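Okay, run.cif now, which holds mmCIF, C-alpha atoms and all ligand atoms:
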data_run
#
loop_
_atom_site.label_atom_id
_atom_site.label_comp_id
_atom_site.auth_asym_id
_atom_site.auth_seq_id
_atom_site.Cartn_x
_atom_site.Cartn_y
_atom_site.Cartn_z
CA MET A 1 10.70 1.18 9.02
CA PRO A 2 14.39 2.18 8.83
CA VAL A 3 15.12 5.67 7.51
CA ASP A 4 16.13 5.70 3.85
CA LYS A 5 19.35 7.73 4.10
CA THR A 6 19.43 8.38 0.35
CA THR A 7 15.95 9.90 0.48
CA ALA A 8 16.77 11.86 3.63
CA ALA A 9 19.92 13.29 2.02
CA THR A 10 17.97 14.35 -1.07
CA ASP A 11 15.33 15.98 1.08
CA LEU A 12 17.98 17.89 3.00
CA LEU A 13 18.81 19.64 -0.29
CA THR A 14 15.19 20.49 -1.07
CA ALA A 15 14.51 21.48 2.54
CA SER A 16 16.53 24.68 2.11
CA HIS A 17 13.97 26.17 -0.31
CA PRO A 18 10.94 28.01 1.11
CA ILE A 19 7.72 26.89 -0.59
CA ALA A 20 4.61 29.06 -0.87
CA TRP A 21 1.34 27.57 0.40
CA ASN A 22 -2.17 28.82 0.97
CA GLY A 23 -5.59 27.39 1.75
CA ARG A 24 -8.46 26.86 4.15
CA VAL A 25 -7.74 25.22 7.50
CA LEU A 26 -9.85 22.08 7.95
CA GLY A 27 -8.61 21.36 11.45
CA VAL A 28 -5.76 21.74 13.92
CA GLN A 29 -4.13 18.70 15.52
CA PRO A 30 -1.30 18.33 18.02
CA ARG A 31 2.21 17.56 16.78
CA ILE A 32 3.57 14.96 19.22
CA ASP A 33 6.58 12.62 18.97
CA LEU A 34 6.48 9.15 20.58
CA MET A 35 9.59 7.30 21.73
CA ARG A 36 9.23 3.58 22.41
CA SER A 37 11.60 1.14 24.06
CA PHE A 38 9.84 -2.25 24.39
CA ASP A 39 7.12 -1.68 27.05
CA GLU A 40 8.20 1.89 27.87
CA ARG A 41 7.10 5.01 26.04
CA SER A 42 7.52 8.78 26.31
CA HIS A 43 6.03 11.73 24.46
CA SER A 44 7.39 15.07 23.26
CA TYR A 45 4.73 17.74 22.83
CA LEU A 46 6.12 19.88 20.02
CA GLY A 47 3.34 22.02 18.56
CA TYR A 48 0.47 21.70 16.11
CA LEU A 49 -0.38 20.52 12.61
CA LEU A 50 -2.64 22.60 10.42
CA VAL A 51 -4.70 20.39 8.12
CA VAL A 52 -5.16 22.52 5.00
CA ASP A 53 -7.11 22.27 1.76
CA GLY A 54 -5.37 24.55 -0.71
CA HIS A 55 -2.25 24.87 -2.80
CA VAL A 56 1.43 24.07 -2.33
CA ASP A 57 3.69 25.80 -4.84
CA GLY A 58 0.60 26.39 -7.00
CA VAL A 59 -0.56 22.74 -6.97
CA ALA A 60 -4.00 21.98 -5.48
CA ARG A 61 -3.98 19.36 -2.68
CA GLN A 62 -4.71 18.66 0.98
CA PHE A 63 -1.63 18.91 3.16
CA THR A 64 -0.40 19.56 6.69
CA VAL A 65 1.79 22.39 7.98
CA ARG A 66 3.65 22.20 11.27
CA ILE A 67 3.62 25.26 13.53
CA GLY A 68 5.11 25.84 16.96
CA PRO A 69 3.09 26.36 20.15
CA GLY A 70 4.14 30.03 20.21
CA MET A 71 2.65 30.69 16.79
CA GLN A 72 -0.59 28.98 17.80
CA ALA A 73 -0.74 30.88 21.08
CA LYS A 74 -0.32 34.15 19.18
CA HIS A 75 -2.78 33.52 16.32
CA ALA A 76 -5.26 30.93 17.69
CA ILE A 77 -5.57 29.37 14.23
CA ARG A 78 -8.80 27.42 13.81
CA ALA A 79 -10.87 25.60 11.22
CA GLY A 80 -12.25 27.95 8.59
CA ASP A 81 -9.28 30.33 8.63
CA VAL A 82 -7.84 30.95 5.18
CA LEU A 83 -4.09 31.39 5.44
CA ALA A 84 -1.03 31.87 3.29
CA GLY A 85 2.65 31.58 4.09
CA VAL A 86 5.89 29.81 3.27
CA ALA A 87 7.35 26.60 4.72
CA ARG A 88 9.88 23.90 3.87
CA LEU A 89 9.85 20.22 3.09
CA PRO A 90 10.91 18.12 6.10
CA ALA A 91 14.54 17.02 6.07
CA ALA A 92 13.59 13.53 7.28
CA PRO A 93 10.04 12.63 6.15
CA ALA A 94 10.14 9.28 7.97
CA ARG A 95 10.36 11.20 11.25
CA GLU A 96 8.01 14.11 10.53
CA ALA A 97 4.21 13.93 10.43
CA ALA A 98 3.88 17.24 8.59
CA ASP A 99 4.08 17.65 4.82
CA LEU A 100 5.60 21.11 5.41
CA TYR A 101 7.37 22.52 8.42
CA ARG A 102 9.32 25.60 9.56
CA ALA A 103 6.34 27.77 8.62
CA SER A 104 6.84 31.53 8.46
CA GLY A 105 5.38 34.66 6.87
CA LEU A 106 1.88 33.69 7.97
CA ARG A 107 -0.96 35.85 6.55
CA PHE A 108 -4.67 35.62 7.38
CA GLU A 109 -6.81 36.06 4.25
CA VAL A 110 -10.12 35.15 5.96
CA ARG A 111 -10.87 34.55 9.63
CA GLY A 112 -12.93 31.42 10.30
CA PRO A 113 -16.22 31.26 12.25
CA LYS A 114 -16.29 31.37 16.04
CA PRO A 115 -15.28 28.09 17.69
CA SER A 116 -18.06 25.59 18.38
CA LEU A 117 -18.20 22.44 20.47
CA ALA A 118 -20.02 20.42 17.76
CA GLY A 119 -18.57 17.06 16.74
CA PRO A 120 -17.39 14.51 15.80
CA PRO A 121 -15.09 15.41 14.28
CA TRP A 122 -14.33 18.28 16.66
CA THR A 123 -12.75 20.75 14.27
CA LEU A 124 -12.92 24.08 16.00
CA LEU A 125 -11.02 23.32 19.18
CA SER A 126 -7.34 23.90 19.72
CA PRO A 127 -6.49 22.68 23.22
CA LEU A 128 -3.22 23.58 24.89
CA LEU A 129 -0.58 20.86 24.61
CA GLU A 130 -0.81 20.39 28.38
CA ILE A 131 -4.44 19.36 27.92
CA TYR A 132 -3.41 16.52 25.61
CA ARG A 133 -0.82 15.38 28.13
CA GLU A 134 -3.41 15.38 30.92
CA ARG A 135 -6.07 13.57 28.88
CA GLY A 136 -3.96 10.66 27.63
CA HIS A 137 -4.75 8.75 24.45
CA ARG A 138 -6.05 5.48 23.05
CA ARG A 139 -4.73 3.84 19.92
CA LEU A 140 -6.77 4.72 16.85
CA ASP A 141 -7.12 2.54 13.80
CA SER A 142 -5.16 4.17 10.97
CA ARG A 143 -7.97 3.61 8.45
CA THR A 144 -10.48 5.27 10.79
CA TYR A 145 -8.07 8.16 11.23
CA ASP A 146 -7.80 8.59 7.45
CA ALA A 147 -11.54 8.30 6.90
CA LYS A 148 -13.01 10.24 9.84
CA CYS A 149 -10.42 11.89 12.04
CA ARG A 150 -7.96 13.84 9.90
CA SER A 151 -9.54 17.18 10.82
CA CYS A 152 -10.49 16.35 14.44
CA SER A 153 -8.59 18.23 17.11
CA TRP A 154 -8.45 15.05 19.19
CA GLY A 155 -6.74 12.98 16.49
CA CYS A 156 -2.98 12.69 16.24
CA ARG A 157 -0.61 10.95 13.83
CA MET A 158 2.67 10.54 15.67
CA PRO A 159 6.12 9.81 14.30
CA VAL A 160 7.40 6.92 16.45
CA GLU A 161 11.05 6.18 17.15
CA ILE A 162 11.68 2.67 18.50
CA ILE A 163 14.87 1.79 20.38
CA ILE A 164 15.27 -1.88 19.47
CA ASP A 165 18.14 -2.63 21.85
CA GLN A 166 19.13 -0.45 24.82
CA TRP A 167 22.66 -1.88 24.60
CA ALA A 168 22.98 -0.93 20.92
CA PRO A 169 21.42 2.55 20.81
CA ASP A 170 22.00 2.92 17.05
CA ARG A 171 19.47 0.15 16.41
CA ARG A 172 16.31 2.17 15.92
CA GLU A 173 13.24 1.96 13.73
CA HIS A 174 10.74 4.60 12.70
CA ARG A 175 7.06 4.37 11.88
CA PHE A 176 3.82 6.34 12.31
CA GLU A 177 0.99 5.53 14.74
CA THR A 178 -2.42 7.18 15.07
CA PHE A 179 -4.11 8.01 18.40
CA CYS A 180 -7.31 9.55 19.76
CA TYR A 181 -7.37 11.98 22.70
CA GLY A 182 -11.12 12.47 22.35
CA PRO A 183 -14.17 11.36 24.34
CA LYS A 184 -14.28 7.60 24.91
CA SER A 185 -17.92 7.71 23.76
CA CYS A 186 -17.07 9.03 20.27
CA PRO A 187 -19.11 6.94 17.78
CA SER A 188 -16.36 7.23 15.14
CA TYR A 189 -13.76 5.54 17.34
CA ARG A 190 -12.24 2.21 16.30
CA PRO A 191 -9.11 0.93 18.07
CA GLY A 192 -7.76 -1.24 15.27
CA PRO A 193 -5.31 -4.07 15.92
CA MET A 194 -3.06 -4.10 18.98
CA ARG A 195 0.43 -2.78 18.22
CA LYS A 196 3.65 -4.73 18.61
CA VAL A 197 6.93 -3.10 19.61
CA PRO A 198 10.05 -4.92 18.37
CA GLY A 199 12.86 -5.58 20.84
CA ARG A 200 16.26 -7.25 21.01
CA LYS A 201 16.91 -10.83 19.89
CA GLY A 202 13.67 -10.98 17.90
CA MET A 203 11.43 -10.38 20.92
CA SER A 204 8.39 -8.12 20.76
CA TRP A 205 5.97 -6.54 23.22
CA THR A 206 2.26 -6.22 22.50
CA GLU A 207 0.54 -3.08 23.71
CA GLU A 208 -2.73 -4.53 24.98
CA ASP A 209 -6.03 -2.78 25.69
CA TRP A 210 -5.28 -2.28 29.39
CA VAL A 211 -2.62 0.30 28.45
CA ASP A 212 -5.25 2.56 26.85
CA GLU A 213 -7.71 1.91 29.68
CA ASP A 214 -5.05 2.89 32.20
CA ALA A 215 -4.01 6.02 30.28
CA THR A 216 -7.60 7.34 30.13
CA ALA A 217 -9.04 5.89 33.38
CA HIS A 218 -9.34 9.39 34.91
CA ARG A 219 -11.83 10.46 32.21
CA ARG A 220 -15.55 9.63 32.03
CA ALA A 221 -17.01 8.40 28.75
CA ASP A 222 -18.09 11.87 27.55
CA ASP A 223 -15.07 13.87 28.79
S1 LIG B 1 -12.34 8.89 17.13
FE1 LIG B 1 -11.19 10.50 18.24
S2 LIG B 1 -10.08 11.60 16.67
FE2 LIG B 1 -11.74 10.46 15.64
S3 LIG B 1 -13.50 11.85 15.53
FE3 LIG B 1 -13.71 10.66 17.43
S4 LIG B 1 -12.73 11.94 19.00
FE4 LIG B 1 -12.04 12.70 17.01
#
What's the structure tokens form of this structure?
Ligand code: SF4
Amino acid sequence: MPVDKTTAATDLLTASHPIAWNGRVLGVQPRIDLMRSFDERSHSYLGYLLVVDGHVDGVARQFTVRIGPGMQAKHAIRAGDVLAGVARLPAAPAREAADLYRASGLRFEVRGPKPSLAGPPWTLLSPLLEIYRERGHRRLDSRTYDAKCRSCSWGCRMPVEIIIDQWAPDRREHRFETFCYGPKSCPSYRPGPMRKVPGRKGMSWTEEDWVDEDATAHRRADD
């Protein structure tokens, strides 16, 4: 979906104001960008998303907060932690998976329980970003993600930038796609429909199942 420049400009104004948030962490997911160009793709491993049940500017809601890998390495934030801090609205919501980003002033109000390996969903893990890169992902049905995977450490909702035409680099589209880095045996997993990537002159490329099989072929079913 093309970026709405009017909306983006409005959000740039609001993005300058720090907003207070607080709440209980339900899970920690990776924050990864995906770039597509027809049948090619590349990832940028940027940090983490905290999935929080709490308040933003005094209003009760569930929301996500983006943090950098350095902040996660320092604090090891996990499900059950109760946190407070300030953050900002994203300047370009069509390109940002988080509801809030540029988090700062983080305070722990309660420390969550010790991490466990129970799942699904696996909520108390926070793998290094390198682990996600090594594991590879499979596409995940967006409805399954919303219903069962929003707090799972192996789930990821990626902002996707699509280069429509390599010879006209300004022609780009943006959308979100959901993926699973978890065990191939997870009973919650549903792939959903195959995804099409638009290209030049009305062409499109379909990402078929073999792409996911290839990306995760080095893992056994329960890994
Ligand atoms: S399908 Fe993937 S993201 Fe969802 S619960 Fe299972 S392992 Fe986690």
Here is a test: counting all atoms listed in the file, which residue of A:Asp222, A:Glu134, A:Asp170, A:Asp57 is nearest to ligand LIG 1 (chain B)?
A:Asp222
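Separating CA of Arg157 in chain A from CA of Tyr181 in chain A is a distance of 11.2 Å.
Atom to atom, CA of Ala103 in chain A and CA of Gly85 in chain A stand 7.0 Å apart.
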For Asp165 in chain A: contacts at 10 Å, all atoms listed in the file, fewer than 5 positions along chain excluded, given as a ChimeraX atom specification
/A:37-38,170-172,198-201
One decimal, Å: what's the distance from CA of Ser188 in chain A over to CA of Pro159 in chain A, could you say?
22.6 Å
Using only C-alpha atoms and all ligand atoms, which residues of the polymer chains come no farther than 10 Å from ligand LIG 1 (chain B)? I'd like the answer as a VMD selection string.
chain A and resid 29 119 to 123 137 to 141 144 to 157 178 to 191
Set the distance at 12 Å and use all atoms listed in the file: which residues neighbour Ala60 in chain A once local chain neighbours fewer than 5 positions away are removed? I'd like the list as a list in words.
Trp21, Asn22, Gly23, Arg24, Val52, Asp53, Gly54 and His55 of chain A
Selected residues, C-alpha atoms, written as a PDB file, in the coordinates of the input, please.
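The resulting file, result-v3.pdb, is reproduced below:
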ATOM      1  CA  TRP A  21       1.340  27.570   0.400  1.00  0.00           C
ATOM      2  CA  ASN A  22      -2.170  28.820   0.970  1.00  0.00           C
ATOM      3  CA  GLY A  23      -5.590  27.390   1.750  1.00  0.00           C
ATOM      4  CA  ARG A  24      -8.460  26.860   4.150  1.00  0.00           C
ATOM      5  CA  VAL A  52      -5.160  22.520   5.000  1.00  0.00           C
ATOM      6  CA  ASP A  53      -7.110  22.270   1.760  1.00  0.00           C
ATOM      7  CA  GLY A  54      -5.370  24.550  -0.710  1.00  0.00           C
ATOM      8  CA  HIS A  55      -2.250  24.870  -2.800  1.00  0.00           C
TER       9      HIS A  55
END
Using only C-alpha atoms, which protein or nucleic acid residues come within 8 Å of Gln72 in chain A? Drop anything in the same chain fewer than 5 positions from it, and give the result as a VMD selection string.
chain A and resid 48 67 77
How would the residues just chosen look if you wrote them out with C-alpha atoms as a PDB file, in the frame of the given file?
ATOM      1  CA  TYR A  48       0.470  21.700  16.110  1.00  0.00           C
ATOM      2  CA  ILE A  67       3.620  25.260  13.530  1.00  0.00           C
ATOM      3  CA  ILE A  77      -5.570  29.370  14.230  1.00  0.00           C
TER       4      ILE A  77
END
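Shortest atom-to-atom contact with Glu213 in chain A among A:Phe108, A:Leu125, A:Ala79, A:Gly136: A:Gly136, counting all atoms listed in the file.
When all atoms listed in the file are used to compute distances to Ser126 in chain A, the closest of the residues A:Arg195, A:His218, A:Arg78, A:Arg61 turns out to be A:Arg78.
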Between A:Leu100, A:Ile162, A:Leu128, A:Ala168, which has the minimum distance to Ser204 in chain A (counting only C-alpha atoms)?
A:Ile162
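Closest to Val59 in chain A among A:Ala97, A:Ala20, A:Leu26, A:Leu46 is A:Ala20, based on all atoms listed in the file.
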What are the centre and the three edge lengths of an axis-aligned box that wraps all atoms of range 87-103 of chain A in the file, given that 6 Å is added to every side, written as JSON and rounded to one decimal in Å?
{"center_x": 9.2, "center_y": 18.5, "center_z": 7.2, "size_x": 22.7, "size_y": 30.5, "size_z": 20.2}
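Considering only C-alpha atoms, the residue among A:Ile32, A:Ala87, A:Leu49, A:Leu117 positioned nearest to His17 in chain A is A:Ala87.
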